[in-house]
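Notes follow the structure.
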Amino acid sequence: MTTPLIEPVTGPRTLAYLAHKLGRHRDRALVTVTDDSLAQAHSTRRSVSLAQLVQAEEAYWVRLTKQGESFTIPVWDGTARRLWQAQITVSWWADNPHLVAARHLFDCVPLVRREIETLVHATLTNAYTADRETLEDKLTASLSTPVHLRDIGITYGHGTLLLIEDAVPEERRAQLHDAQWEVAVTEQNHQVQHARLTFYRDLVEQGPTALLAFWLMHRPDDVPRIIEAVQKIAPVPTAVPEHDEQHLLALFEDMTDFERQQVRKYTALGLARAGGEPGRALIEELGLIETVLHQKDAP
């Protein structure tokens, strides 16, 4: 904007008052600014008197003519997934010169642009359409009706809007396309890895039997080798006796010395008949070697 919206009154204020009364500046309003100007500006639009003008701390000429403004803003259409450049032309004017002067609005264009950008984005968000002509009609309709910015005393409206699709170089478009696919593939790979991790974790938690079944299913040709490897794995020690062990211990507690000796004898004979080094080693470990020798020497 080349000409400020408000200009301080220079020179004798009496001459400014006469020029105002004689209508020499029909396109401008003469207003004063005092400590209570903000409160008065919201409630009255009365003309200034000579006494008020002379006694006021500040006095301004406020332009009343309609001004035009053209600018371009980027607009993202989430439905169509494309970027537009919105070329906007709008008119604005001061509808409350007292408030404009009290706010010291030398340039209100940035405020008007901000309000229009907010309006355009809100309208586009609620449009739910990817048709350019329909979007233009909705956005132009939102700009055609005058909108009063009561906090600053400005009104804008009678606007038009033209959507132009933002030109993207083919190379950049290909890069964006590859990046989108790369992100999607990466997310899918993460999901697959997480599923595999969960599967193997549950398999391990189920114990050696589940692991053996899994490998037998996938490597049926290696069944003998897998079974041999499993047999070499020592059983996990348990602090609490199994059910059968508890039952046998209970039986031994109720036996007499003679009954215990008979159990030892038959246990030793059973292991001796099994034969082999493993059986002999177990007999020696249990201290039953003398019992076996005694039974062999018996008639």
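Letters A, B, ... mark the chains of the structure tokens in the order given; residue numbers begin at 1 per chain; ligand numbers begin at 1, in order shown.
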Write out as a PyMOL selection string the residues lying within 8 Å of Ile73 in chain A, counting only C-alpha atoms and excluding same-chain residues fewer than 2 positions away.
chain A and resi 71+75+85-88+117
Can you tell me how far CA of Leu161 in chain A sits from CA of Pro110 in chain A, in Å to one decimal?
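Between CA of Leu161 in chain A and CA of Pro110 in chain A the gap works out to 17.9 Å.
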